[in-house]
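Peer 1: First the structure, which I've put down as structure tokens, then a few questions once you've had a look.
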Amino acid sequence: MATSLLLGLIGAGIQASRAPALHEGEADEQGLHCIYKLIDLEQLKLGTDALSDLLIAAERMGFAGLNITHPCKQAVIPLLTELSSDARAIGAVNTVLLRDGRRIGNNTDWYGFAESFREGLPDVPLGHVVQLGAGGAGSAVAYAAAKLGVQRLTIFDIDTSRARSLADQICTQFGAGRAVAGSDIEAAMQSADGLINTTPIGMVGHPGIPIAPTLLRSSLWVTDVIYFPLETELLRTARDQGCRVLDGGGMAVHQAVEAFRLFTGIPADSARMRRHFIAMGPPG
């Protein structure tokens, strides 16, 4: 096993990412030397059409693997040689292993969400859940929600065809009726047990709240995949309404825990990585 490794993150607007510190810090604790580079499409003034060249460059420079984030989680798939069963089922990739000319796509987002949810909201009702967003993160979270036992997931997205496609995918994998594309947010929220936000609305650079505050009520639980900032306007408003809330920090840590294992072959210490994450202070 290599005692040093070069890793990176490809995405847009990623300068505030905690991935470098999390991976380099855990590697140091494990006796490994890790350099983790940010490959920011925004700073490089590149689009997703540059992904092919970036993957070739990473291979030539000896990268052991790459994390992939918005807006590349689905665009990267045609450029890979293999997909894990989870990545294939989800249709999105956030971790790529580079091994002897092979590009192996994985998805640790769903695992990160599921582990965080089990820890943070272990006893909430899962009969009907509303999910906002059907992109790369939304696909992983919907998959995780079904695995967690959500009986009916109503998915909303600004692209209604994308919401329908994700709902159909979940029904195919987990059974008829497990998911549906939403058309009436007010009606869906009236019967919902919980709300999941997987859109970028609320993160730094995308301020705001993805749903009318009047649709929130104290009996709802609310979770957000955003971790920059940890307390989004959605979570702050929901907490003020008396809702149980879960921020995106746990998902960020647990997806990194699983990615670290894939990159290195060594199990990461999730509690230590969580402490490291918290010690970095409020991200926004």
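Please note that chains go A, B, ... in the order of the structure tokens, that every chain numbers its residues from 1, and that ligands are numbered from 1 in the order shown.
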Neighbours of Val76 (chain A) within 9 Å (only C-alpha atoms; same-chain residues fewer than 6 positions away dropped), as a list in words?
Peer 2: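 What passes the distance filter is Thr48, Leu51, Ser52, Ile68, Ala92, Val93 and Gly105 of chain A.
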Peer 1: Could you dump the residues just selected with N, CA and C atoms as a short mmCIF file (atom, residue, chain, number, x, y, z; two decimals), in the first residue's frame?
Peer 2:
data_model
loop_
_atom_site.label_atom_id
_atom_site.label_comp_id
_atom_site.auth_asym_id
_atom_site.auth_seq_id
_atom_site.Cartn_x
_atom_site.Cartn_y
_atom_site.Cartn_z
N THR A 48 -18.09 21.84 -17.66
CA THR A 48 -18.02 20.39 -17.51
C THR A 48 -17.45 19.71 -18.76
N LEU A 51 -14.02 18.10 -18.35
CA LEU A 51 -13.81 16.95 -17.46
C LEU A 51 -12.88 15.89 -18.05
N SER A 52 -13.04 15.61 -19.33
CA SER A 52 -12.20 14.59 -19.96
C SER A 52 -10.73 14.96 -19.86
N ILE A 68 -15.81 14.25 -6.70
CA ILE A 68 -16.53 14.97 -7.75
C ILE A 68 -17.74 15.64 -7.11
N ALA A 92 -25.19 8.82 -10.33
CA ALA A 92 -24.33 9.96 -10.00
C ALA A 92 -23.09 9.44 -9.29
N VAL A 93 -21.98 10.13 -9.49
CA VAL A 93 -20.69 9.72 -8.93
C VAL A 93 -20.08 10.89 -8.16
N GLY A 105 -15.95 4.62 -10.76
CA GLY A 105 -16.86 5.59 -10.15
C GLY A 105 -17.63 4.99 -8.98
#
Peer 1: Restricting the calculation to only C-alpha atoms, which member of A:Gly25, A:His128, A:Thr69, A:Ile14 is positioned closest to Ala279 (chain A)?
Peer 2: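 Among A:Gly25, A:His128, A:Thr69, A:Ile14, it is A:Gly25 that comes nearest to Ala279 (chain A).
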Peer 1: Give the helix (DSSP H, G or I) residues of region 2-236 of chain A, as DSSP finds them on the backbone, and put them as an NGL selection string.
Peer 2: :A and (19-29 or 41-44 or 48-60 or 77-79 or 85-90 or 109-120 or 136-148 or 160-174 or 185-190 or 213-215 or 233-236)
Peer 1: With only C-alpha atoms as the basis for distance, which of A:Gly62, A:Gly208, A:Gly249, A:Pro20 is at the shortest distance from Asp224 (chain A)?
Peer 2: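 Comparing A:Gly62, A:Gly208, A:Gly249, A:Pro20 against Asp224 (chain A), the winner is A:Gly249.
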Peer 1: Of the candidates A:Lys45, A:Arg152, A:Arg162, A:His70, which one gets nearest to Ala188 (chain A) if we count only C-alpha atoms?
Peer 2: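 For Ala188 (chain A), the nearest of the candidates is A:Arg152.
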Peer 1: Neighbouring residues of Met251 (chain A) were defined as those with any atom within 6 Å, considering only C-alpha atoms; residues of the same chain fewer than 6 positions away were excluded. Please report them as a PyMOL selection string.
Peer 2: chain A and resi 112-113+116
Peer 1: Go ahead and dump the residues you just picked, N, CA and C atoms, as a PDB file, in the first residue's frame.
Peer 2:
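File part.pdb, as written:
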ATOM      1  N   GLY A 112     -23.250   8.710   3.214  1.00  0.00           N
ATOM      2  CA  GLY A 112     -23.081   9.831   4.124  1.00  0.00           C
ATOM      3  C   GLY A 112     -24.400  10.336   4.663  1.00  0.00           C
ATOM      4  N   PHE A 113     -25.397  10.460   3.778  1.00  0.00           N
ATOM      5  CA  PHE A 113     -26.711  10.926   4.220  1.00  0.00           C
ATOM      6  C   PHE A 113     -27.354   9.921   5.166  1.00  0.00           C
ATOM      7  N   SER A 116     -25.655   9.864   8.635  1.00  0.00           N
ATOM      8  CA  SER A 116     -25.957  11.092   9.368  1.00  0.00           C
ATOM      9  C   SER A 116     -27.397  11.088   9.867  1.00  0.00           C
TER      10      SER A 116
END
Peer 1: For each of A:Gly135, A:Gly149, A:Gly101, A:Gly31, take the minimum atom-to-atom distance to Arg60 (chain A), counting only C-alpha atoms, then give the residue where this is smallest.
Peer 2: A:Gly101
Peer 1: Within 12 Å of Ala50 (chain A), counting only C-alpha atoms, which residues qualify if same-chain residues fewer than 2 places away don't, as a list in words?
Peer 2: Ile10, Gly11, Ala12, Ile39, Asp40, Leu41, Glu42, Leu44, Lys45, Leu46, Gly47, Thr48, Ser52, Asp53, Leu54, Leu55, Ile56, Ala57, Pro71, Cys72, Ala75, Val76 and Leu79 of chain A
Peer 1: Please write the residues from the selection above to a file, keeping C-alpha atoms, as a compact mmCIF listing (two decimals), in the first residue's frame.
Peer 2:
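Dumped everything to again_38.txt:
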# COMPACT_ATOMS: atom_id res chain seq x y z
CA ILE A 10 -13.36 18.64 -9.12
CA GLY A 11 -16.29 21.05 -8.97
CA ALA A 12 -17.34 24.67 -9.33
CA ILE A 39 -9.67 21.72 -9.08
CA ASP A 40 -12.17 24.56 -9.24
CA LEU A 41 -13.91 24.94 -12.60
CA GLU A 42 -15.06 28.42 -11.60
CA LEU A 44 -10.16 27.93 -13.95
CA LYS A 45 -13.00 29.38 -16.05
CA LEU A 46 -13.88 25.92 -17.35
CA GLY A 47 -17.13 24.05 -17.88
CA THR A 48 -18.02 20.39 -17.51
CA SER A 52 -12.20 14.59 -19.96
CA ASP A 53 -9.01 16.66 -20.12
CA LEU A 54 -8.95 17.04 -16.32
CA LEU A 55 -9.24 13.28 -15.78
CA ILE A 56 -6.41 12.62 -18.25
CA ALA A 57 -4.26 15.23 -16.51
CA PRO A 71 -21.98 20.30 -11.42
CA CYS A 72 -20.03 17.20 -12.44
CA ALA A 75 -21.48 14.53 -16.38
CA VAL A 76 -18.45 12.47 -15.31
CA LEU A 79 -15.86 9.22 -18.94
Peer 1: Contacts between region 261-278 of chain A and region 1-60 of chain A, please, where a residue of region 1-60 of chain A counts if it comes within 9 Å (with only C-alpha atoms); show its shortest atom pair and distance in Å to one decimal, rows by chain and ascending number, as CSV.
Peer 2:
residue,atom,partner,partner_atom,distance
A:Met1,CA,A:Thr264,CA,8.0
A:Ala2,CA,A:Thr264,CA,8.2
A:Leu5,CA,A:Thr264,CA,8.3
A:Leu7,CA,A:Phe263,CA,8.4
A:Arg18,CA,A:Phe277,CA,7.6
A:Ala21,CA,A:Phe277,CA,8.4
A:Leu22,CA,A:Met273,CA,6.5
A:His23,CA,A:Met273,CA,8.6
A:Gly25,CA,A:His276,CA,7.8
A:Glu26,CA,A:Met273,CA,6.7
A:Ala27,CA,A:Ala268,CA,8.6
A:Gln30,CA,A:Ala268,CA,8.3
Peer 1: Restricting it to C-alpha atoms, dump the selection as an mmCIF file, in the first residue's frame.
Peer 2:
data_model
loop_
_atom_site.group_PDB
_atom_site.id
_atom_site.type_symbol
_atom_site.label_atom_id
_atom_site.label_comp_id
_atom_site.auth_asym_id
_atom_site.auth_seq_id
_atom_site.Cartn_x
_atom_site.Cartn_y
_atom_site.Cartn_z
ATOM 1 C CA MET A 1 0.000 0.000 0.000
ATOM 2 C CA ALA A 2 1.287 3.463 -0.875
ATOM 3 C CA LEU A 5 -1.192 9.783 -2.122
ATOM 4 C CA LEU A 7 -6.105 13.351 -4.244
ATOM 5 C CA ARG A 18 -13.459 21.106 3.876
ATOM 6 C CA ALA A 21 -8.475 19.342 5.561
ATOM 7 C CA LEU A 22 -10.578 16.264 6.338
ATOM 8 C CA HIS A 23 -8.613 13.899 4.093
ATOM 9 C CA GLY A 25 -5.885 15.349 8.575
ATOM 10 C CA GLU A 26 -7.125 11.756 8.697
ATOM 11 C CA ALA A 27 -4.235 10.576 6.507
ATOM 12 C CA GLN A 30 -3.098 7.109 9.900
#
Peer 1: Fewer than 2 positions away in the same chain doesn't count, so skip those; otherwise give me all residues within 12 Å of Gly175 (chain A), counting only C-alpha atoms, as a PyMOL selection string.
Peer 2: chain A and resi 146-147+149-153+167-173+177-180
Peer 1: Write a file of the selected residues as a CSV table (one decimal), in the first residue's frame, keeping C-alpha atoms.
Peer 2:
chain,number,residue,atom,x,y,z
A,146,ALA,CA,-35.6,4.6,0.3
A,147,LYS,CA,-33.0,2.4,2.0
A,149,GLY,CA,-37.4,3.0,4.9
A,150,VAL,CA,-39.3,6.1,3.6
A,151,GLN,CA,-42.6,4.7,2.3
A,152,ARG,CA,-43.5,7.5,0.0
A,153,LEU,CA,-41.1,10.2,-1.3
A,167,ALA,CA,-39.2,9.0,-9.0
A,168,ASP,CA,-39.5,6.3,-11.7
A,169,GLN,CA,-35.9,5.1,-10.9
A,170,ILE,CA,-36.7,4.8,-7.1
A,171,CYS,CA,-40.0,2.9,-7.9
A,172,THR,CA,-38.1,0.5,-10.2
A,173,GLN,CA,-35.4,-0.2,-7.6
A,177,GLY,CA,-45.5,3.8,-5.2
A,178,ARG,CA,-42.2,4.4,-3.2
A,179,ALA,CA,-41.7,7.8,-5.0
A,180,VAL,CA,-43.6,10.2,-7.1
Peer 1: Just give me the gap between CA of Ile155 (chain A) and CA of Gln131 (chain A) in Å, one decimal is fine.
Peer 2: 4.8 Å
Peer 1: As an exercise, work out the distance from CA of Asp86 (chain A) to CA of Glu119 (chain A) in Å and give it to one decimal place.
Peer 2: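 The value is 21.4 Å.
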Peer 1: Which of region 175-230 of chain A counts as strand (DSSP E) under DSSP, as a list of chain:residue names please?
Peer 2: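 Residues meeting the strand (DSSP E) criterion: A:Ala179, A:Val180, A:Ala181, A:Gly194, A:Leu195, A:Ile196, A:Asn197, A:Trp221, A:Val222, A:Thr223, A:Asp224.
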Peer 1: Separation of CA of Ala140 (chain A) and CA of Leu98 (chain A), in Å?
Peer 2: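 Interatomic distance here is 21.8 Å.
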Peer 1: When you count only C-alpha atoms, which of these residues is closest to Asn94 (chain A): A:Ser218, A:Gln255, A:Thr223, A:Ser165?
Peer 2: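 For Asn94 (chain A), the nearest of the candidates is A:Gln255.
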